[in-house]
file protein18.cif (mmCIF, C-alpha atoms and all ligand atoms)
data_query
loop_
_atom_site.group_PDB
_atom_site.id
_atom_site.type_symbol
_atom_site.label_atom_id
_atom_site.label_comp_id
_atom_site.auth_asym_id
_atom_site.auth_seq_id
_atom_site.Cartn_x
_atom_site.Cartn_y
_atom_site.Cartn_z
ATOM 1 C CA MET P 2 -8.823 -28.313 19.386
ATOM 2 C CA GLU P 3 -8.758 -29.003 15.655
ATOM 3 C CA ASN P 4 -6.600 -26.640 13.627
ATOM 4 C CA ILE P 5 -9.652 -25.146 11.889
ATOM 5 C CA ASP P 6 -11.204 -24.256 15.265
ATOM 6 C CA VAL P 7 -8.027 -22.471 16.262
ATOM 7 C CA VAL P 8 -8.108 -20.521 12.985
ATOM 8 C CA LYS P 9 -11.834 -19.693 13.468
ATOM 9 C CA LYS P 10 -11.161 -18.381 16.963
ATOM 10 C CA SER P 11 -8.340 -16.195 15.654
ATOM 11 C CA MET P 12 -10.595 -14.804 12.889
ATOM 12 C CA GLU P 13 -13.239 -13.941 15.504
ATOM 13 C CA LYS P 14 -10.498 -12.209 17.457
ATOM 14 C CA THR P 15 -9.503 -10.286 14.296
ATOM 15 C CA MET P 16 -13.087 -9.009 13.889
ATOM 16 C CA GLU P 17 -13.163 -7.994 17.565
ATOM 17 C CA LYS P 18 -9.892 -6.105 17.183
ATOM 18 C CA LEU P 19 -11.067 -4.421 13.980
ATOM 19 C CA ASN P 20 -14.242 -3.215 15.697
ATOM 20 C CA GLN P 21 -12.226 -1.952 18.663
ATOM 21 C CA THR P 22 -9.850 0.041 16.421
ATOM 22 C CA VAL P 23 -12.684 1.385 14.264
ATOM 23 C CA SER P 24 -14.631 2.676 17.282
ATOM 24 C CA PHE P 25 -11.447 4.259 18.672
ATOM 25 C CA LEU P 26 -10.810 6.084 15.373
ATOM 26 C CA GLN P 27 -14.457 7.045 14.820
ATOM 27 C CA LYS P 28 -14.309 8.992 18.077
ATOM 28 C CA LYS P 29 -11.224 10.905 16.860
ATOM 29 C CA ILE P 30 -12.185 11.360 13.208
ATOM 30 C CA LYS P 31 -15.449 13.218 12.902
ATOM 31 C CA ILE P 32 -15.908 12.947 9.123
ATOM 32 C CA THR P 33 -14.366 9.890 7.511
ATOM 33 C CA PRO P 34 -12.614 10.640 4.221
ATOM 34 C CA GLU P 35 -13.533 8.596 1.156
ATOM 35 C CA ILE P 36 -9.922 8.641 -0.050
ATOM 36 C CA ALA P 37 -7.021 7.050 1.792
ATOM 37 C CA ILE P 38 -3.352 6.928 0.872
ATOM 38 C CA THR P 39 -0.700 4.578 2.165
ATOM 39 C CA LEU P 40 2.675 6.255 1.862
ATOM 40 C CA GLY P 41 5.643 3.969 1.206
ATOM 41 C CA SER P 42 9.324 4.147 2.157
ATOM 42 C CA GLY P 43 10.625 7.711 1.960
ATOM 43 C CA LEU P 44 7.369 8.940 0.365
ATOM 44 C CA GLY P 45 5.931 10.516 3.488
ATOM 45 C CA ALA P 46 6.500 14.144 2.348
ATOM 46 C CA PHE P 47 3.005 14.278 0.848
ATOM 47 C CA ALA P 48 1.705 14.358 4.411
ATOM 48 C CA LYS P 49 3.331 17.785 4.910
ATOM 49 C CA LYS P 50 0.911 19.255 2.361
ATOM 50 C CA ILE P 51 -2.156 18.133 4.285
ATOM 51 C CA GLN P 52 -3.993 20.737 6.368
ATOM 52 C CA ILE P 53 -4.045 18.462 9.362
ATOM 53 C CA GLU P 54 -7.290 17.960 11.306
ATOM 54 C CA VAL P 55 -6.256 14.819 13.177
ATOM 55 C CA SER P 56 -2.849 13.190 13.556
ATOM 56 C CA ILE P 57 -2.377 10.033 15.606
ATOM 57 C CA PRO P 58 0.834 8.014 16.030
ATOM 58 C CA PHE P 59 0.319 4.332 15.208
ATOM 59 C CA SER P 60 1.672 3.567 18.689
ATOM 60 C CA GLU P 61 -1.473 5.175 20.189
ATOM 61 C CA ILE P 62 -3.948 3.309 17.962
ATOM 62 C CA PRO P 63 -5.146 0.019 19.450
ATOM 63 C CA ASN P 64 -3.883 -2.977 17.445
ATOM 64 C CA PHE P 65 -1.656 -0.909 15.121
ATOM 65 C CA PHE P 66 2.105 -1.480 15.126
ATOM 66 C CA ALA P 67 4.725 1.266 15.118
ATOM 67 C CA PRO P 68 6.921 0.851 12.001
ATOM 68 C CA THR P 69 10.434 -0.504 12.446
ATOM 69 C CA VAL P 70 11.689 0.639 9.027
ATOM 70 C CA ILE P 71 13.676 3.869 8.474
ATOM 71 C CA GLY P 72 11.640 6.194 6.223
ATOM 72 C CA HIS P 73 8.290 5.185 7.769
ATOM 73 C CA SER P 74 7.010 7.642 10.396
ATOM 74 C CA GLY P 75 3.995 5.720 11.660
ATOM 75 C CA LEU P 76 1.311 8.387 11.689
ATOM 76 C CA LEU P 77 -2.344 8.327 10.744
ATOM 77 C CA ILE P 78 -3.326 11.742 9.433
ATOM 78 C CA VAL P 79 -6.711 13.130 8.428
ATOM 79 C CA GLY P 80 -7.029 16.507 6.777
ATOM 80 C CA LEU P 81 -7.659 18.536 3.682
ATOM 81 C CA ILE P 82 -5.614 18.633 0.536
ATOM 82 C CA GLU P 83 -6.751 20.325 -2.672
ATOM 83 C CA GLY P 84 -10.089 20.798 -0.953
ATOM 84 C CA ARG P 85 -10.542 17.039 -0.509
ATOM 85 C CA ARG P 86 -10.556 15.320 2.860
ATOM 86 C CA VAL P 87 -8.052 12.473 2.888
ATOM 87 C CA LEU P 88 -6.708 9.954 5.332
ATOM 88 C CA ALA P 89 -2.995 9.200 5.027
ATOM 89 C CA LEU P 90 -1.108 6.337 6.610
ATOM 90 C CA GLN P 91 2.486 7.489 6.840
ATOM 91 C CA GLY P 92 4.107 4.080 7.052
ATOM 92 C CA ARG P 93 2.914 0.495 6.919
ATOM 93 C CA THR P 94 3.405 -2.912 8.473
ATOM 94 C CA HIS P 95 5.430 -5.395 6.412
ATOM 95 C CA PHE P 96 5.350 -9.195 6.412
ATOM 96 C CA TYR P 97 9.168 -9.300 6.698
ATOM 97 C CA GLU P 98 9.001 -7.485 10.051
ATOM 98 C CA GLY P 99 7.663 -10.744 11.446
ATOM 99 C CA HIS P 100 3.980 -9.833 11.570
ATOM 100 C CA SER P 101 1.282 -12.265 10.500
ATOM 101 C CA MET P 102 -0.574 -11.498 7.269
ATOM 102 C CA ASP P 103 -3.604 -10.650 9.436
ATOM 103 C CA GLU P 104 -1.522 -7.961 11.122
ATOM 104 C CA VAL P 105 -0.060 -6.669 7.841
ATOM 105 C CA VAL P 106 -3.498 -6.021 6.337
ATOM 106 C CA PHE P 107 -5.140 -4.844 9.563
ATOM 107 C CA PRO P 108 -4.818 -1.067 8.868
ATOM 108 C CA THR P 109 -6.221 -1.500 5.333
ATOM 109 C CA ARG P 110 -9.228 -3.357 6.714
ATOM 110 C CA VAL P 111 -9.750 -0.599 9.261
ATOM 111 C CA LEU P 112 -9.833 1.926 6.412
ATOM 112 C CA GLY P 113 -12.514 -0.092 4.629
ATOM 113 C CA LEU P 114 -14.629 -0.360 7.769
ATOM 114 C CA LEU P 115 -14.279 3.390 8.383
ATOM 115 C CA GLY P 116 -15.890 3.956 4.994
ATOM 116 C CA VAL P 117 -12.933 4.637 2.705
ATOM 117 C CA LYS P 118 -13.963 4.022 -0.914
ATOM 118 C CA THR P 119 -10.700 4.645 -2.771
ATOM 119 C CA LEU P 120 -7.302 3.492 -1.593
ATOM 120 C CA ILE P 121 -4.078 4.778 -3.136
ATOM 121 C CA LEU P 122 -1.192 2.436 -2.369
ATOM 122 C CA THR P 123 2.300 3.822 -2.881
ATOM 123 C CA ASN P 124 5.600 2.044 -2.513
ATOM 124 C CA SER P 125 9.274 2.079 -3.334
ATOM 125 C CA ALA P 126 10.300 -0.615 -5.768
ATOM 126 C CA GLY P 127 13.187 -1.929 -7.799
ATOM 127 C CA GLY P 128 12.745 -1.526 -11.545
ATOM 128 C CA CYS P 129 13.334 -4.386 -13.955
ATOM 129 C CA GLY P 130 11.240 -3.249 -16.931
ATOM 130 C CA ASP P 131 12.978 -2.232 -20.158
ATOM 131 C CA GLY P 132 14.014 1.408 -20.270
ATOM 132 C CA MET P 133 13.450 2.067 -16.579
ATOM 133 C CA GLN P 134 15.525 4.567 -14.653
ATOM 134 C CA ALA P 135 15.824 5.210 -10.934
ATOM 135 C CA GLY P 136 13.418 8.037 -10.126
ATOM 136 C CA ASP P 137 10.680 6.904 -12.550
ATOM 137 C CA LEU P 138 7.145 6.611 -11.220
ATOM 138 C CA MET P 139 5.197 3.514 -12.233
ATOM 139 C CA ILE P 140 1.447 3.151 -12.524
ATOM 140 C CA ILE P 141 0.707 -0.328 -11.208
ATOM 141 C CA GLU P 142 -1.508 -2.024 -13.789
ATOM 142 C CA ASP P 143 -1.651 -5.373 -12.043
ATOM 143 C CA HIS P 144 0.361 -7.462 -9.630
ATOM 144 C CA LEU P 145 1.878 -10.881 -9.159
ATOM 145 C CA ASN P 146 1.443 -12.086 -5.597
ATOM 146 C CA LEU P 147 4.758 -13.847 -4.959
ATOM 147 C CA THR P 148 4.705 -13.565 -1.179
ATOM 148 C CA GLY P 149 3.964 -17.289 -0.868
ATOM 149 C CA THR P 150 0.733 -16.633 0.981
ATOM 150 C CA ASN P 151 -2.574 -14.771 0.743
ATOM 151 C CA PRO P 152 -4.141 -12.608 3.474
ATOM 152 C CA LEU P 153 -7.565 -14.182 2.854
ATOM 153 C CA ILE P 154 -6.456 -17.733 3.725
ATOM 154 C CA GLY P 155 -8.629 -19.048 6.560
ATOM 155 C CA PRO P 156 -12.375 -18.925 7.196
ATOM 156 C CA ASN P 157 -13.842 -16.058 5.184
ATOM 157 C CA LEU P 158 -14.819 -12.948 7.126
ATOM 158 C CA ASN P 159 -18.248 -12.622 5.504
ATOM 159 C CA GLU P 160 -18.740 -9.222 7.140
ATOM 160 C CA LEU P 161 -15.868 -7.936 5.006
ATOM 161 C CA GLY P 162 -16.407 -9.554 1.625
ATOM 162 C CA PRO P 163 -16.942 -12.732 -0.424
ATOM 163 C CA ARG P 164 -15.015 -16.017 -0.186
ATOM 164 C CA PHE P 165 -13.655 -15.755 -3.746
ATOM 165 C CA PRO P 166 -13.108 -12.086 -4.595
ATOM 166 C CA ASP P 167 -12.682 -11.095 -8.227
ATOM 167 C CA MET P 168 -9.287 -9.566 -9.033
ATOM 168 C CA THR P 169 -9.817 -8.781 -12.726
ATOM 169 C CA GLU P 170 -9.347 -5.093 -12.106
ATOM 170 C CA ALA P 171 -7.371 -5.165 -8.886
ATOM 171 C CA TYR P 172 -6.031 -1.696 -9.764
ATOM 172 C CA ASP P 173 -8.979 0.366 -10.985
ATOM 173 C CA LYS P 174 -8.837 1.106 -14.725
ATOM 174 C CA GLU P 175 -10.384 4.561 -14.529
ATOM 175 C CA LEU P 176 -7.971 5.613 -11.774
ATOM 176 C CA ARG P 177 -5.053 4.328 -13.862
ATOM 177 C CA ALA P 178 -6.168 6.506 -16.776
ATOM 178 C CA LYS P 179 -6.551 9.564 -14.519
ATOM 179 C CA LEU P 180 -3.106 9.015 -13.064
ATOM 180 C CA GLU P 181 -1.549 8.670 -16.502
ATOM 181 C CA SER P 182 -3.100 11.903 -17.675
ATOM 182 C CA ILE P 183 -1.709 13.697 -14.591
ATOM 183 C CA PHE P 184 1.780 12.269 -15.120
ATOM 184 C CA LYS P 185 1.615 13.436 -18.765
ATOM 185 C CA THR P 186 0.421 16.930 -17.854
ATOM 186 C CA ASN P 187 3.065 17.263 -15.135
ATOM 187 C CA GLY P 188 5.801 16.028 -17.466
ATOM 188 C CA VAL P 189 7.112 13.420 -15.025
ATOM 189 C CA ARG P 190 8.975 10.321 -16.237
ATOM 190 C CA TYR P 191 6.561 7.453 -15.768
ATOM 191 C CA GLN P 192 6.078 3.804 -16.678
ATOM 192 C CA LYS P 193 3.173 1.395 -16.550
ATOM 193 C CA GLY P 194 3.621 -2.174 -15.479
ATOM 194 C CA ILE P 195 3.172 -5.157 -13.238
ATOM 195 C CA TYR P 196 4.350 -5.088 -9.642
ATOM 196 C CA GLY P 197 5.807 -8.304 -8.256
ATOM 197 C CA GLY P 198 5.242 -8.467 -4.518
ATOM 198 C CA LEU P 199 7.734 -10.628 -2.598
ATOM 199 C CA SER P 200 8.094 -11.144 1.144
ATOM 200 C CA GLY P 201 11.620 -9.699 1.482
ATOM 201 C CA PRO P 202 13.559 -8.623 3.493
ATOM 202 C CA THR P 203 16.442 -9.606 1.203
ATOM 203 C CA TYR P 204 16.631 -7.770 -2.061
ATOM 204 C CA GLU P 205 16.391 -10.204 -4.953
ATOM 205 C CA THR P 206 19.310 -12.084 -6.461
ATOM 206 C CA PRO P 207 20.143 -11.234 -10.088
ATOM 207 C CA ALA P 208 18.794 -14.692 -11.067
ATOM 208 C CA GLU P 209 15.497 -13.917 -9.317
ATOM 209 C CA VAL P 210 15.302 -10.572 -11.109
ATOM 210 C CA ARG P 211 15.856 -12.293 -14.498
ATOM 211 C CA TYR P 212 13.044 -14.720 -13.587
ATOM 212 C CA LEU P 213 10.723 -11.909 -12.417
ATOM 213 C CA LYS P 214 11.297 -10.040 -15.648
ATOM 214 C CA MET P 215 10.611 -13.179 -17.667
ATOM 215 C CA ILE P 216 7.249 -13.744 -15.934
ATOM 216 C CA GLY P 217 6.172 -10.177 -16.620
ATOM 217 C CA CYS P 218 7.207 -7.976 -13.693
ATOM 218 C CA SER P 219 8.345 -4.428 -14.359
ATOM 219 C CA ALA P 220 8.897 -3.621 -10.712
ATOM 220 C CA VAL P 221 9.545 -5.607 -7.585
ATOM 221 C CA GLY P 222 8.891 -4.772 -3.955
ATOM 222 C CA MET P 223 7.970 -6.024 -0.497
ATOM 223 C CA SER P 224 4.510 -4.583 0.128
ATOM 224 C CA THR P 225 1.214 -3.583 -1.528
ATOM 225 C CA VAL P 226 -0.109 -6.892 -2.913
ATOM 226 C CA SER P 227 -1.678 -8.063 0.357
ATOM 227 C CA GLU P 228 -3.188 -4.635 1.030
ATOM 228 C CA CYS P 229 -4.567 -4.601 -2.511
ATOM 229 C CA ILE P 230 -6.104 -8.055 -2.001
ATOM 230 C CA VAL P 231 -7.982 -7.155 1.196
ATOM 231 C CA ALA P 232 -9.066 -3.801 -0.264
ATOM 232 C CA ASN P 233 -10.551 -5.613 -3.274
ATOM 233 C CA HIS P 234 -12.161 -8.129 -0.924
ATOM 234 C CA MET P 235 -13.932 -5.216 0.783
ATOM 235 C CA GLY P 236 -14.955 -3.593 -2.505
ATOM 236 C CA MET P 237 -12.622 -0.600 -2.329
ATOM 237 C CA LYS P 238 -11.192 0.867 -5.524
ATOM 238 C CA VAL P 239 -7.418 0.617 -5.553
ATOM 239 C CA SER P 240 -4.787 2.687 -7.271
ATOM 240 C CA GLY P 241 -1.089 1.786 -7.070
ATOM 241 C CA ILE P 242 2.001 3.901 -7.657
ATOM 242 C CA SER P 243 5.577 2.633 -7.401
ATOM 243 C CA CYS P 244 8.505 4.960 -7.053
ATOM 244 C CA ILE P 245 11.344 3.174 -8.841
ATOM 245 C CA THR P 246 14.045 3.966 -6.331
ATOM 246 C CA ASN P 247 16.665 1.727 -7.926
ATOM 247 C CA LEU P 248 17.204 -0.661 -10.769
ATOM 248 C CA ALA P 249 16.710 -4.200 -9.454
ATOM 249 C CA ALA P 250 19.699 -6.373 -8.509
ATOM 250 C CA GLY P 251 21.893 -7.404 -11.417
ATOM 251 C CA ILE P 252 20.505 -4.634 -13.638
ATOM 252 C CA ALA P 253 22.097 -2.023 -11.396
ATOM 253 C CA SER P 254 25.876 -2.074 -11.698
ATOM 254 C CA HIS P 255 26.277 -1.648 -7.932
ATOM 255 C CA LYS P 256 24.988 -3.438 -4.836
ATOM 256 C CA LEU P 257 21.671 -2.327 -3.324
ATOM 257 C CA SER P 258 21.077 -0.576 -0.025
ATOM 258 C CA HIS P 259 18.080 0.916 1.777
ATOM 259 C CA ASN P 260 19.942 4.250 1.752
ATOM 260 C CA ASP P 261 19.720 4.323 -2.064
ATOM 261 C CA VAL P 262 15.994 3.679 -1.763
ATOM 262 C CA THR P 263 15.338 6.583 0.610
ATOM 263 C CA GLU P 264 17.768 8.857 -1.280
ATOM 264 C CA THR P 265 15.986 8.404 -4.630
ATOM 265 C CA ALA P 266 12.594 8.699 -2.950
ATOM 266 C CA THR P 267 13.736 12.046 -1.531
ATOM 267 C CA LYS P 268 14.876 13.202 -5.001
ATOM 268 C CA VAL P 269 11.463 12.525 -6.573
ATOM 269 C CA GLU P 270 9.587 13.753 -3.496
ATOM 270 C CA ALA P 271 8.465 17.044 -5.086
ATOM 271 C CA ALA P 272 7.236 15.519 -8.375
ATOM 272 C CA PHE P 273 5.594 12.627 -6.560
ATOM 273 C CA THR P 274 3.841 14.901 -4.060
ATOM 274 C CA LYS P 275 2.574 17.271 -6.776
ATOM 275 C CA ALA P 276 1.233 14.377 -8.896
ATOM 276 C CA LEU P 277 -0.475 12.825 -5.894
ATOM 277 C CA MET P 278 -2.103 16.142 -4.970
ATOM 278 C CA ASP P 279 -3.381 16.597 -8.537
ATOM 279 C CA PHE P 280 -4.627 13.006 -8.513
ATOM 280 C CA VAL P 281 -6.553 13.439 -5.255
ATOM 281 C CA ALA P 282 -8.207 16.562 -6.721
ATOM 282 C CA VAL P 283 -9.716 14.582 -9.645
ATOM 283 C CA ILE P 284 -10.767 11.371 -7.880
HETATM 284 N N1 LIG P 301 13.602 -4.940 -4.486
HETATM 285 C C1 LIG P 301 12.591 -5.111 -3.594
HETATM 286 N N2 LIG P 301 12.044 -4.112 -2.925
HETATM 287 C C2 LIG P 301 12.515 -2.877 -3.156
HETATM 288 C C3 LIG P 301 13.549 -2.628 -4.063
HETATM 289 C C4 LIG P 301 14.140 -3.724 -4.772
HETATM 290 O O1 LIG P 301 15.062 -3.577 -5.584
HETATM 291 N N3 LIG P 301 13.764 -1.285 -4.049
HETATM 292 C C5 LIG P 301 12.875 -0.743 -3.168
HETATM 293 N N4 LIG P 301 12.119 -1.703 -2.616
#
call {"tool": "encode", "arguments": {"input": "protein18.cif", "output": "structure tokens", "more": "lines below"}}
Ligand code: HPA
result
Amino acid sequence: MENIDVVKKSMEKTMEKLNQTVSFLQKKIKITPEIAITLGSGLGAFAKKIQIEVSIPFSEIPNFFAPTVIGHSGLLIVGLIEGRRVLALQGRTHFYEGHSMDEVVFPTRVLGLLGVKTLILTNSAGGCGDGMQAGDLMIIEDHLNLTGTNPLIGPNLNELGPRFPDMTEAYDKELRAKLESIFKTNGVRYQKGIYGGLSGPTYETPAEVRYLKMIGCSAVGMSTVSECIVANHMGMKVSGISCITNLAAGIASHKLSHNDVTETATKVEAAFTKALMDFVAVI
């Protein structure tokens, strides 16, 4: 078989799997929320504030993968928060875990097919913007896809969106303004900037961080960009928040570890959760 036929077959299989997962979840979730939130490393505490209606471990959802990363619980939760019904994914699938891009973006595509209109993507990231401190929150204004690939490579899934999706406002402008006003009101330290998405799993070298800064990144991480791409493909509005858990390599005076990431995320947990709750209330 020609390579393109193999790819076509695998795309058909993707659509089949998506439909299977969507019908499974539709049976469990009676009213689909319009807002979904993907909670990044160590940022799962928000889920505790949800009045839970449905909670399903990823391991029980067909075609979902249980997370392998510490700080990611792997739960899909639906419930009420601030009077709004939301769907939260507590944990995500990363490219560096060895999954294909199709697998990484699978849960995001499921959200779109379920009828989610607004997707809030959160992550932990290293800060390289001027004046950044560990514990800052960053409103993602735009991203640089530096993963070396794109989740839309291959025959276009016309059922999901167009061949050449526009990315002019990949992170919705109105949502960015709303988020900024909440951060101001709540008095949290925040930044605005461009998120550089790399594959990981290594943290960057100091030379890479100098390069990333030079090309315009304020924060660097190992997720989000691919999810943002498929969400835009499907016409969802996207909002992105990075928790700057550490200064990026070479800016920090010490070596980096995942423990530092989860520790800082835990420290900002309360401020992050409150801001996210206020945000959901005004979307
Ligand atoms: N680099 C990449 N990803 C990260 C970092 C970092 O410094 N911190 C948290 N996630």
call {"tool": "closest_residue", "arguments": {"input": "protein18.cif", "among": "P:Thr263, P:Thr186, P:Ser56, P:Gln21", "to": "ligand LIG 301 (chain P)", "atoms": "all atoms listed in the file"}}
result
P:Thr263
call {"tool": "residues_around", "arguments": {"input": "protein18.cif", "residues": "Thr109 of chain P", "least_positions_apart": "5", "cutoff": "8 Å", "atoms": "only C-alpha atoms", "output": "MDAnalysis selection string"}}
result
chainID P and resid 228 231:232
call {"tool": "resolve_selection", "arguments": {"input": "protein18.cif", "expression": "the PyMOL selection byres (((chain P and resi 225) around 8) and not hetatm)", "output": "JSON, numbers by chain"}}
result
{"P": [122, 123, 124, 198, 223, 224, 226, 227, 228, 229]}
call {"tool": "resolve_selection", "arguments": {"input": "protein18.cif", "expression": "the PyMOL selection byres (((not hetatm)) within 10 of (chain P and resi 301))", "output": "VMD selection string"}}
result
chain P and resid 41 to 42 124 to 129 135 197 to 206 210 220 to 224 243 to 253 256 to 263 265 to 266
call {"tool": "closest_residue", "arguments": {"input": "protein18.cif", "among": "P:Gly188, P:Pro152, P:Gly84, P:Gly136", "to": "Thr267 of chain P", "atoms": "only C-alpha atoms"}}
result
P:Gly136
call {"tool": "closest_residue", "arguments": {"input": "protein18.cif", "among": "P:Ile230, P:Ile141, P:Val281, P:Leu90", "to": "Ala46 of chain P", "atoms": "only C-alpha atoms"}}
result
P:Leu90
call {"tool": "closest_residue", "arguments": {"input": "protein18.cif", "among": "P:Leu120, P:Leu88, P:Leu213, P:Met102", "to": "Leu145 of chain P", "atoms": "only C-alpha atoms"}}
result
P:Leu213
call {"tool": "atom_distance", "arguments": {"input": "protein18.cif", "atom1": "atom CA of Glu181 of chain P", "atom2": "atom CA of Val79 of chain P"}}
result
25.8 Å
call {"tool": "atom_distance", "arguments": {"input": "protein18.cif", "atom1": "atom CA of Val55 of chain P", "atom2": "atom CA of Leu77 of chain P"}}
result
8.0 Å
call {"tool": "residues_near_point", "arguments": {"input": "protein18.cif", "point": "(6.3, 14.9, 2.1)", "cutoff": "12 Å", "atoms": "all atoms listed in the file", "output": "list in words"}}
result
Leu40, Gly41, Ser42, Gly43, Leu44, Gly45, Ala46, Phe47, Ala48, Lys49, Lys50, Ile51, Gly72, His73, Ser74, Ala89, Gln91, Ala266, Thr267, Lys268, Val269, Glu270, Ala271, Ala272, Phe273, Thr274, Lys275, Leu277 and Met278 of chain P
call {"tool": "closest_atom_pairs", "arguments": {"input": "protein18.cif", "of": "segment 134-162 of chain P", "to": "segment 3-9 of chain P", "cutoff": "12 Å", "atoms": "all atoms listed in the file", "output": "JSON lines"}}
result
{"residue": "P:Leu153", "atom": "CA", "partner": "P:Val8", "partner_atom": "CA", "distance": 12.0}
{"residue": "P:Ile154", "atom": "CA", "partner": "P:Val8", "partner_atom": "CA", "distance": 9.8}
{"residue": "P:Gly155", "atom": "CA", "partner": "P:Val8", "partner_atom": "CA", "distance": 6.6}
{"residue": "P:Pro156", "atom": "CA", "partner": "P:Lys9", "partner_atom": "CA", "distance": 6.3}
{"residue": "P:Asn157", "atom": "CA", "partner": "P:Lys9", "partner_atom": "CA", "distance": 9.3}
{"residue": "P:Leu158", "atom": "CA", "partner": "P:Lys9", "partner_atom": "CA", "distance": 9.7}
call {"tool": "write_last_selection", "arguments": {"input": "protein18.cif", "atoms": "C-alpha atoms", "output": "compact mmCIF listing (two decimals), in the frame of the given file"}}
result
# COMPACT_ATOMS: atom_id res chain seq x y z
CA LEU P 153 -7.56 -14.18 2.85
CA ILE P 154 -6.46 -17.73 3.72
CA GLY P 155 -8.63 -19.05 6.56
CA PRO P 156 -12.38 -18.92 7.20
CA ASN P 157 -13.84 -16.06 5.18
CA LEU P 158 -14.82 -12.95 7.13
call {"tool": "residues_near_point", "arguments": {"input": "protein18.cif", "point": "(-1.0, -2.8, 10.2)", "cutoff": "9 Å", "atoms": "all atoms listed in the file", "output": "compact mmCIF listing (two decimals) with C-alpha atoms, in the frame of the given file"}}
result
# COMPACT_ATOMS: atom_id res chain seq x y z
CA PHE P 59 0.32 4.33 15.21
CA ASN P 64 -3.88 -2.98 17.44
CA PHE P 65 -1.66 -0.91 15.12
CA PHE P 66 2.10 -1.48 15.13
CA ALA P 67 4.72 1.27 15.12
CA PRO P 68 6.92 0.85 12.00
CA ARG P 93 2.91 0.50 6.92
CA THR P 94 3.40 -2.91 8.47
CA HIS P 95 5.43 -5.40 6.41
CA HIS P 100 3.98 -9.83 11.57
CA ASP P 103 -3.60 -10.65 9.44
CA GLU P 104 -1.52 -7.96 11.12
CA VAL P 105 -0.06 -6.67 7.84
CA VAL P 106 -3.50 -6.02 6.34
CA PHE P 107 -5.14 -4.84 9.56
CA PRO P 108 -4.82 -1.07 8.87
CA THR P 109 -6.22 -1.50 5.33
CA ARG P 110 -9.23 -3.36 6.71
call {"tool": "closest_atom_pairs", "arguments": {"input": "protein18.cif", "of": "segment 140-162 of chain P", "to": "segment 176-179 of chain P", "cutoff": "12 Å", "atoms": "all atoms listed in the file", "output": "CSV"}}
result
residue,atom,partner,partner_atom,distance
P:Ile140,CA,P:Arg177,CA,6.7
P:Ile141,CA,P:Arg177,CA,7.9
P:Glu142,CA,P:Arg177,CA,7.3
P:Asp143,CA,P:Arg177,CA,10.4
call {"tool": "resolve_selection", "arguments": {"input": "protein18.cif", "expression": "the PyMOL selection byres (((chain P and resi 168) around 10) and not hetatm)", "output": "PDB file with C-alpha atoms, in the frame of the given file"}}
result
ATOM      1  CA  ASP P 143      -1.651  -5.373 -12.043  1.00  0.00           C
ATOM      2  CA  HIS P 144       0.361  -7.462  -9.630  1.00  0.00           C
ATOM      3  CA  PHE P 165     -13.655 -15.755  -3.746  1.00  0.00           C
ATOM      4  CA  PRO P 166     -13.108 -12.086  -4.595  1.00  0.00           C
ATOM      5  CA  ASP P 167     -12.682 -11.095  -8.227  1.00  0.00           C
ATOM      6  CA  THR P 169      -9.817  -8.781 -12.726  1.00  0.00           C
ATOM      7  CA  GLU P 170      -9.347  -5.093 -12.106  1.00  0.00           C
ATOM      8  CA  ALA P 171      -7.371  -5.165  -8.886  1.00  0.00           C
ATOM      9  CA  TYR P 172      -6.031  -1.696  -9.764  1.00  0.00           C
ATOM     10  CA  CYS P 229      -4.567  -4.601  -2.511  1.00  0.00           C
ATOM     11  CA  ILE P 230      -6.104  -8.055  -2.001  1.00  0.00           C
ATOM     12  CA  ASN P 233     -10.551  -5.613  -3.274  1.00  0.00           C
ATOM     13  CA  HIS P 234     -12.161  -8.129  -0.924  1.00  0.00           C
TER      14      HIS P 234
END
call {"tool": "axis_aligned_box", "arguments": {"input": "protein18.cif", "around": "segment 244-247 of chain P", "padding_each_side": "4 Å", "output": "JSON"}}
result
{"center_x": 12.6, "center_y": 3.3, "center_z": -7.6, "size_x": 16.2, "size_y": 11.2, "size_z": 10.5}
call {"tool": "atom_distance", "arguments": {"input": "protein18.cif", "atom1": "atom CA of Thr148 of chain P", "atom2": "atom CA of Met133 of chain P"}}
result
23.6 Å
call {"tool": "closest_residue", "arguments": {"input": "protein18.cif", "among": "P:Lys185, P:Gly130, P:Gly162, P:Val239", "to": "Lys214 of chain P", "atoms": "all atoms listed in the file"}}
result
P:Gly130
call {"tool": "closest_residue", "arguments": {"input": "protein18.cif", "among": "P:Gly236, P:Gly241, P:Gly217, P:Gly116", "to": "Phe280 of chain P", "atoms": "only C-alpha atoms"}}
result
P:Gly241
